[in-house]
file model_4.cif (mmCIF, C-alpha atoms and all ligand atoms)
data_model
loop_
_atom_site.label_atom_id
_atom_site.label_comp_id
_atom_site.auth_asym_id
_atom_site.auth_seq_id
_atom_site.Cartn_x
_atom_site.Cartn_y
_atom_site.Cartn_z
CA MET V 187 -98.31 -98.61 -56.75
CA THR V 188 -101.24 -96.55 -57.92
CA ILE V 189 -101.34 -93.80 -60.49
CA ARG V 190 -103.13 -90.85 -58.93
CA LYS V 191 -104.97 -87.98 -60.61
CA ILE V 192 -102.88 -84.85 -61.13
CA LEU V 193 -104.68 -81.61 -60.31
CA VAL V 194 -104.64 -78.97 -63.03
CA GLU V 195 -104.67 -75.19 -62.61
CA PRO V 196 -107.02 -73.40 -62.02
CA ASP V 197 -107.60 -75.38 -58.85
CA LYS V 198 -107.79 -73.77 -55.40
CA PHE V 199 -106.17 -76.83 -53.87
CA LEU V 200 -102.93 -76.17 -55.75
CA ARG V 201 -102.78 -72.74 -54.09
CA GLN V 202 -102.77 -73.96 -50.50
CA LYS V 203 -99.67 -74.30 -48.33
CA SER V 204 -98.64 -77.89 -47.61
CA LYS V 205 -98.10 -79.03 -44.01
CA PRO V 206 -94.85 -80.50 -42.63
CA VAL V 207 -94.72 -84.28 -42.24
CA ASP V 208 -94.45 -85.50 -38.61
CA ILE V 209 -93.25 -89.01 -39.28
CA VAL V 210 -92.08 -90.97 -42.31
CA ASP V 211 -94.10 -94.17 -42.02
CA LYS V 212 -95.47 -96.86 -44.35
CA ASP V 213 -98.40 -94.67 -45.40
CA LEU V 214 -96.07 -91.87 -46.40
CA GLN V 215 -93.84 -94.29 -48.30
CA THR V 216 -96.92 -95.55 -50.17
CA LEU V 217 -97.73 -91.94 -51.05
CA MET V 218 -94.16 -91.46 -52.34
CA ASP V 219 -94.34 -94.69 -54.37
CA ASP V 220 -97.64 -93.57 -55.90
CA MET V 221 -96.27 -90.11 -56.64
CA LEU V 222 -93.28 -91.61 -58.44
CA GLU V 223 -95.49 -93.92 -60.51
CA THR V 224 -97.80 -91.00 -61.34
CA MET V 225 -94.82 -88.85 -62.35
CA TYR V 226 -93.29 -91.56 -64.58
CA ASN V 227 -96.66 -92.15 -66.19
CA ALA V 228 -97.32 -88.46 -66.93
CA PRO V 229 -94.34 -88.25 -67.81
CA GLY V 230 -92.54 -85.62 -65.77
CA ILE V 231 -89.28 -85.16 -63.83
CA GLY V 232 -90.72 -83.82 -60.58
CA LEU V 233 -93.95 -83.95 -58.59
CA ALA V 234 -95.17 -82.46 -55.31
CA ALA V 235 -97.76 -84.24 -53.14
CA ILE V 236 -100.17 -81.31 -53.42
CA GLN V 237 -100.37 -82.01 -57.17
CA VAL V 238 -102.09 -85.31 -56.38
CA GLY V 239 -104.27 -83.62 -53.77
CA VAL V 240 -102.22 -84.36 -50.64
CA PRO V 241 -101.17 -81.18 -48.79
CA LYS V 242 -97.99 -82.63 -47.27
CA ARG V 243 -94.44 -81.35 -47.74
CA VAL V 244 -93.25 -84.20 -49.94
CA ILE V 245 -91.65 -84.11 -53.39
CA VAL V 246 -90.23 -86.72 -55.76
CA ILE V 247 -87.78 -86.09 -58.58
CA ASP V 248 -86.10 -88.28 -61.20
CA LEU V 249 -83.82 -86.62 -63.73
CA SER V 250 -82.70 -89.82 -65.49
CA ARG V 251 -83.16 -89.73 -69.24
CA ASP V 252 -85.00 -92.19 -71.49
CA GLY V 253 -83.16 -95.50 -71.61
CA GLU V 254 -81.10 -94.72 -68.50
CA GLU V 255 -81.61 -96.54 -65.23
CA LYS V 256 -84.19 -94.79 -63.08
CA SER V 257 -82.83 -92.77 -60.17
CA PRO V 258 -85.71 -91.56 -57.99
CA MET V 259 -85.09 -88.95 -55.30
CA TYR V 260 -87.45 -88.38 -52.38
CA PHE V 261 -87.58 -85.20 -50.32
CA VAL V 262 -89.70 -84.94 -47.17
CA ASN V 263 -89.95 -81.51 -45.46
CA PRO V 264 -87.38 -80.03 -47.87
CA GLU V 265 -85.94 -76.72 -46.74
CA ILE V 266 -83.58 -74.47 -48.65
CA VAL V 267 -80.82 -73.38 -46.27
CA SER V 268 -79.02 -71.12 -48.72
CA SER V 269 -79.00 -70.39 -52.41
CA SER V 270 -76.63 -68.86 -54.94
CA ASN V 271 -76.69 -65.22 -56.05
CA ASN V 272 -76.36 -66.30 -59.68
CA ASP V 273 -79.41 -67.26 -61.70
CA ALA V 274 -79.93 -70.05 -64.19
CA THR V 275 -82.67 -69.93 -66.80
CA TYR V 276 -84.67 -72.95 -67.93
CA GLU V 277 -87.80 -73.24 -69.99
CA GLU V 278 -90.13 -74.70 -67.38
CA GLY V 279 -93.34 -76.62 -67.70
CA CYS V 280 -95.50 -78.24 -65.03
CA LEU V 281 -97.76 -81.29 -64.89
CA SER V 282 -100.40 -79.05 -63.30
CA VAL V 283 -100.09 -76.47 -66.10
CA PRO V 284 -100.22 -78.82 -69.12
CA GLY V 285 -98.92 -77.68 -72.48
CA GLN V 286 -97.56 -74.36 -71.21
CA PHE V 287 -93.89 -73.42 -71.00
CA ALA V 288 -91.98 -70.30 -70.03
CA GLU V 289 -88.43 -69.22 -69.31
CA ILE V 290 -87.94 -68.79 -65.56
CA ASP V 291 -84.87 -67.49 -63.71
CA ARG V 292 -83.95 -69.14 -60.43
CA PRO V 293 -80.75 -69.35 -58.32
CA ASP V 294 -78.45 -71.81 -60.07
CA LYS V 295 -77.40 -73.57 -56.85
CA CYS V 296 -79.12 -74.34 -53.57
CA HIS V 297 -78.25 -76.09 -50.35
CA LEU V 298 -81.07 -78.23 -49.06
CA LYS V 299 -82.04 -80.03 -45.82
CA PHE V 300 -84.66 -82.78 -45.93
CA LEU V 301 -85.68 -86.27 -44.78
CA ASP V 302 -85.19 -89.15 -47.20
CA TYR V 303 -87.49 -92.11 -48.04
CA ASN V 304 -86.60 -93.76 -44.73
CA GLY V 305 -86.96 -90.63 -42.63
CA ASN V 306 -83.21 -90.05 -42.29
CA LYS V 307 -81.93 -86.46 -42.10
CA LYS V 308 -80.04 -85.51 -45.24
CA GLU V 309 -78.38 -82.50 -46.83
CA LEU V 310 -77.75 -81.86 -50.48
CA LYS V 311 -75.97 -79.23 -52.53
CA ALA V 312 -77.89 -79.07 -55.79
CA GLU V 313 -77.01 -77.28 -58.99
CA GLY V 314 -78.13 -77.05 -62.60
CA LEU V 315 -81.35 -78.81 -63.55
CA LEU V 316 -81.70 -80.45 -60.11
CA ALA V 317 -81.51 -77.08 -58.33
CA THR V 318 -84.18 -75.64 -60.62
CA CYS V 319 -86.40 -78.69 -60.28
CA ILE V 320 -86.16 -78.69 -56.46
CA GLN V 321 -87.06 -74.98 -56.32
CA HIS V 322 -90.01 -75.50 -58.69
CA GLU V 323 -91.31 -78.34 -56.49
CA ILE V 324 -90.76 -76.47 -53.21
CA ASP V 325 -92.78 -73.61 -54.71
CA HIS V 326 -95.68 -76.08 -55.05
CA LEU V 327 -95.51 -76.66 -51.29
CA GLU V 328 -96.08 -72.93 -50.83
CA GLY V 329 -98.96 -72.86 -53.32
CA ILE V 330 -96.82 -71.17 -55.99
CA LEU V 331 -96.82 -72.13 -59.69
CA PHE V 332 -94.20 -71.09 -62.25
CA ILE V 333 -96.78 -68.98 -64.07
CA ASP V 334 -96.86 -66.71 -60.98
CA TYR V 335 -93.47 -65.37 -62.11
CA LEU V 336 -94.86 -64.21 -65.45
CA SER V 337 -96.53 -60.90 -66.24
CA LYS V 338 -100.15 -60.61 -65.14
CA LEU V 339 -101.27 -60.56 -68.76
CA LYS V 340 -99.39 -63.72 -69.71
CA LYS V 341 -100.55 -65.52 -66.59
CA THR V 342 -104.20 -64.59 -67.17
CA MET V 343 -103.95 -65.83 -70.76
CA ILE V 344 -102.55 -69.18 -69.66
CA ILE V 345 -105.19 -69.67 -66.96
CA LYS V 346 -107.93 -68.82 -69.48
CA LYS V 347 -106.58 -71.41 -71.90
CA LEU V 348 -106.37 -74.05 -69.16
CA SER V 349 -109.95 -73.32 -68.05
CA LYS V 350 -111.17 -73.85 -71.61
CA GLN V 351 -109.22 -77.11 -71.93
CA LYS V 352 -110.67 -78.30 -68.63
CA LYS V 353 -114.22 -77.62 -69.80
CA SER V 354 -113.80 -79.61 -73.00
CA ILE V 355 -112.19 -82.50 -71.10
CA GLU V 356 -115.16 -82.63 -68.73
CA ARG V 357 -117.58 -82.69 -71.67
CA ILE V 358 -115.98 -85.86 -73.05
CA VAL V 359 -116.00 -87.60 -69.66
CA VAL V 360 -119.75 -86.90 -69.25
ZN ZN V 401 -94.94 -78.20 -61.24
#

call {"tool": "encode", "arguments": {"input": "model_4.cif", "output": "structure tokens"}}
result
Amino acid sequence: MTIRKILVEPDKFLRQKSKPVDIVDKDLQTLMDDMLETMYNAPGIGLAAIQVGVPKRVIVIDLSRDGEEKSPMYFVNPEIVSSSNNDATYEEGCLSVPGQFAEIDRPDKCHLKFLDYNGNKKELKAEGLLATCIQHEIDHLEGILFIDYLSKLKKTMIIKKLSKQKKSIERIVV
């Protein structure tokens, strides 16, 4: 397993729409393994392939807490079939928007269709943190970040901050 580089906003790549996966093969499983390793290393609880520069509709999630046994979940071509009319609010962050957090409302339940790690068709009724996490990751597949739900002013401020951080990081690398 390889830890891959996570793209950070502002990055045009993060804004593109990811393409559906045709077949779940060894290469795709390697991508999923790498994504999981990258997510654990970050650390984070969810990651979309586009965040490591691969525009495919693949996400990985693991909501297990520190000290608990790991319980990775893999979603290929995830599709929300229906979602609840009630919202849940979480303070969200994102590995591609480091150090920034904001309260975001999303449907508190969603019914999902997807392919698993072995390419089998699956369905899942998610709620609570899992429902929020899945919706956050599916947004990535559409080129959407959680900061897009904030006011224009707040979003601009966050992107400005991230741009500055990026510049100083590059200076050290050079
Ligand atoms: Zn994210």

call {"tool": "closest_residue", "arguments": {"input": "model_4.cif", "among": "V:Leu217, V:Leu336, V:Ala312, V:Ile245", "to": "ligand ZN 401 (chain V)", "atoms": "only C-alpha atoms and all ligand atoms"}}
result
V:Ile245

call {"tool": "residues_near_ligand", "arguments": {"input": "model_4.cif", "ligand": "ligand ZN 401 (chain V)", "cutoff": "7 Å", "atoms": "all atoms listed in the file", "output": "PyMOL selection string"}}
result
chain V and resi 233+279-282+322-323+326+331

call {"tool": "residues_near_point", "arguments": {"input": "model_4.cif", "point": "(-102.0, -78.5, -55.4)", "cutoff": "6 Å", "atoms": "only C-alpha atoms", "output": "list in words"}}
result
Phe199, Leu200, Arg201, Ile236, Gln237 and Gly239 of chain V

call {"tool": "closest_residue", "arguments": {"input": "model_4.cif", "among": "V:Leu315, V:Ile333, V:Val238, V:Leu249", "to": "Asp273 in chain V", "atoms": "only C-alpha atoms"}}
result
V:Leu315

call {"tool": "atom_distance", "arguments": {"input": "model_4.cif", "atom1": "CA of Asp197 in chain V", "atom2": "CA of Lys299 in chain V"}}
result
29.1 Å

call {"tool": "residues_around", "arguments": {"input": "model_4.cif", "residues": "Asp294 in chain V", "least_positions_apart": "5", "cutoff": "6 Å", "atoms": "only C-alpha atoms", "output": "list in words"}}
result
Asn272, Asp273, Ala274, Glu313 and Gly314 of chain V

call {"tool": "decode", "arguments": {"input": "model_4.cif", "residues": "range 228-252 of chain V", "atoms": "N, CA and C atoms", "output": "short mmCIF file (atom, residue, chain, number, x, y, z; two decimals), in the first residue's frame"}}
result
data_model
loop_
_atom_site.label_atom_id
_atom_site.label_comp_id
_atom_site.auth_asym_id
_atom_site.auth_seq_id
_atom_site.Cartn_x
_atom_site.Cartn_y
_atom_site.Cartn_z
N ALA V 228 -3.53 10.38 7.27
CA ALA V 228 -3.78 11.85 7.28
C ALA V 228 -3.93 12.47 8.69
N PRO V 229 -4.75 12.03 9.63
CA PRO V 229 -5.78 11.02 9.52
C PRO V 229 -7.13 11.66 9.21
N GLY V 230 -7.99 10.85 8.57
CA GLY V 230 -9.35 11.30 8.26
C GLY V 230 -10.30 10.12 8.32
N ILE V 231 -11.61 10.39 8.16
CA ILE V 231 -12.59 9.29 8.23
C ILE V 231 -13.22 9.00 6.87
N GLY V 232 -12.87 9.80 5.86
CA GLY V 232 -13.39 9.54 4.53
C GLY V 232 -12.47 10.15 3.48
N LEU V 233 -12.44 9.53 2.30
CA LEU V 233 -11.60 10.06 1.22
C LEU V 233 -12.20 9.66 -0.13
N ALA V 234 -12.21 10.61 -1.07
CA ALA V 234 -12.67 10.32 -2.43
C ALA V 234 -11.44 10.24 -3.34
N ALA V 235 -11.54 9.41 -4.38
CA ALA V 235 -10.38 9.18 -5.27
C ALA V 235 -9.86 10.49 -5.87
N ILE V 236 -10.77 11.40 -6.18
CA ILE V 236 -10.36 12.67 -6.79
C ILE V 236 -9.40 13.44 -5.87
N GLN V 237 -9.49 13.19 -4.55
CA GLN V 237 -8.60 13.89 -3.61
C GLN V 237 -7.15 13.42 -3.72
N VAL V 238 -6.95 12.23 -4.31
CA VAL V 238 -5.57 11.80 -4.58
C VAL V 238 -5.31 11.87 -6.09
N GLY V 239 -6.11 12.66 -6.79
CA GLY V 239 -5.85 12.95 -8.20
C GLY V 239 -6.37 11.92 -9.18
N VAL V 240 -7.29 11.05 -8.73
CA VAL V 240 -7.86 10.04 -9.64
C VAL V 240 -9.36 10.33 -9.82
N PRO V 241 -9.77 10.78 -11.02
CA PRO V 241 -11.17 11.18 -11.21
C PRO V 241 -12.11 10.01 -11.45
N LYS V 242 -12.15 9.08 -10.51
CA LYS V 242 -13.05 7.92 -10.60
C LYS V 242 -14.02 7.98 -9.43
N ARG V 243 -15.23 7.41 -9.66
CA ARG V 243 -16.25 7.48 -8.61
C ARG V 243 -16.02 6.38 -7.56
N VAL V 244 -15.06 6.65 -6.70
CA VAL V 244 -14.67 5.71 -5.64
C VAL V 244 -14.48 6.49 -4.34
N ILE V 245 -15.06 5.97 -3.25
CA ILE V 245 -14.80 6.58 -1.94
C ILE V 245 -14.50 5.49 -0.91
N VAL V 246 -13.72 5.86 0.09
CA VAL V 246 -13.47 4.96 1.23
C VAL V 246 -13.82 5.71 2.51
N ILE V 247 -14.34 4.96 3.47
CA ILE V 247 -14.75 5.55 4.75
C ILE V 247 -14.39 4.57 5.87
N ASP V 248 -13.95 5.09 7.00
CA ASP V 248 -13.79 4.26 8.20
C ASP V 248 -14.11 5.12 9.41
N LEU V 249 -15.21 4.78 10.07
CA LEU V 249 -15.67 5.60 11.20
C LEU V 249 -15.22 5.04 12.56
N SER V 250 -14.39 3.98 12.53
CA SER V 250 -13.96 3.41 13.82
C SER V 250 -13.11 4.43 14.58
N ARG V 251 -13.23 4.38 15.89
CA ARG V 251 -12.51 5.34 16.72
C ARG V 251 -11.13 4.80 17.09
N ASP V 252 -10.30 5.69 17.63
CA ASP V 252 -8.96 5.30 18.09
C ASP V 252 -9.05 4.11 19.03
#
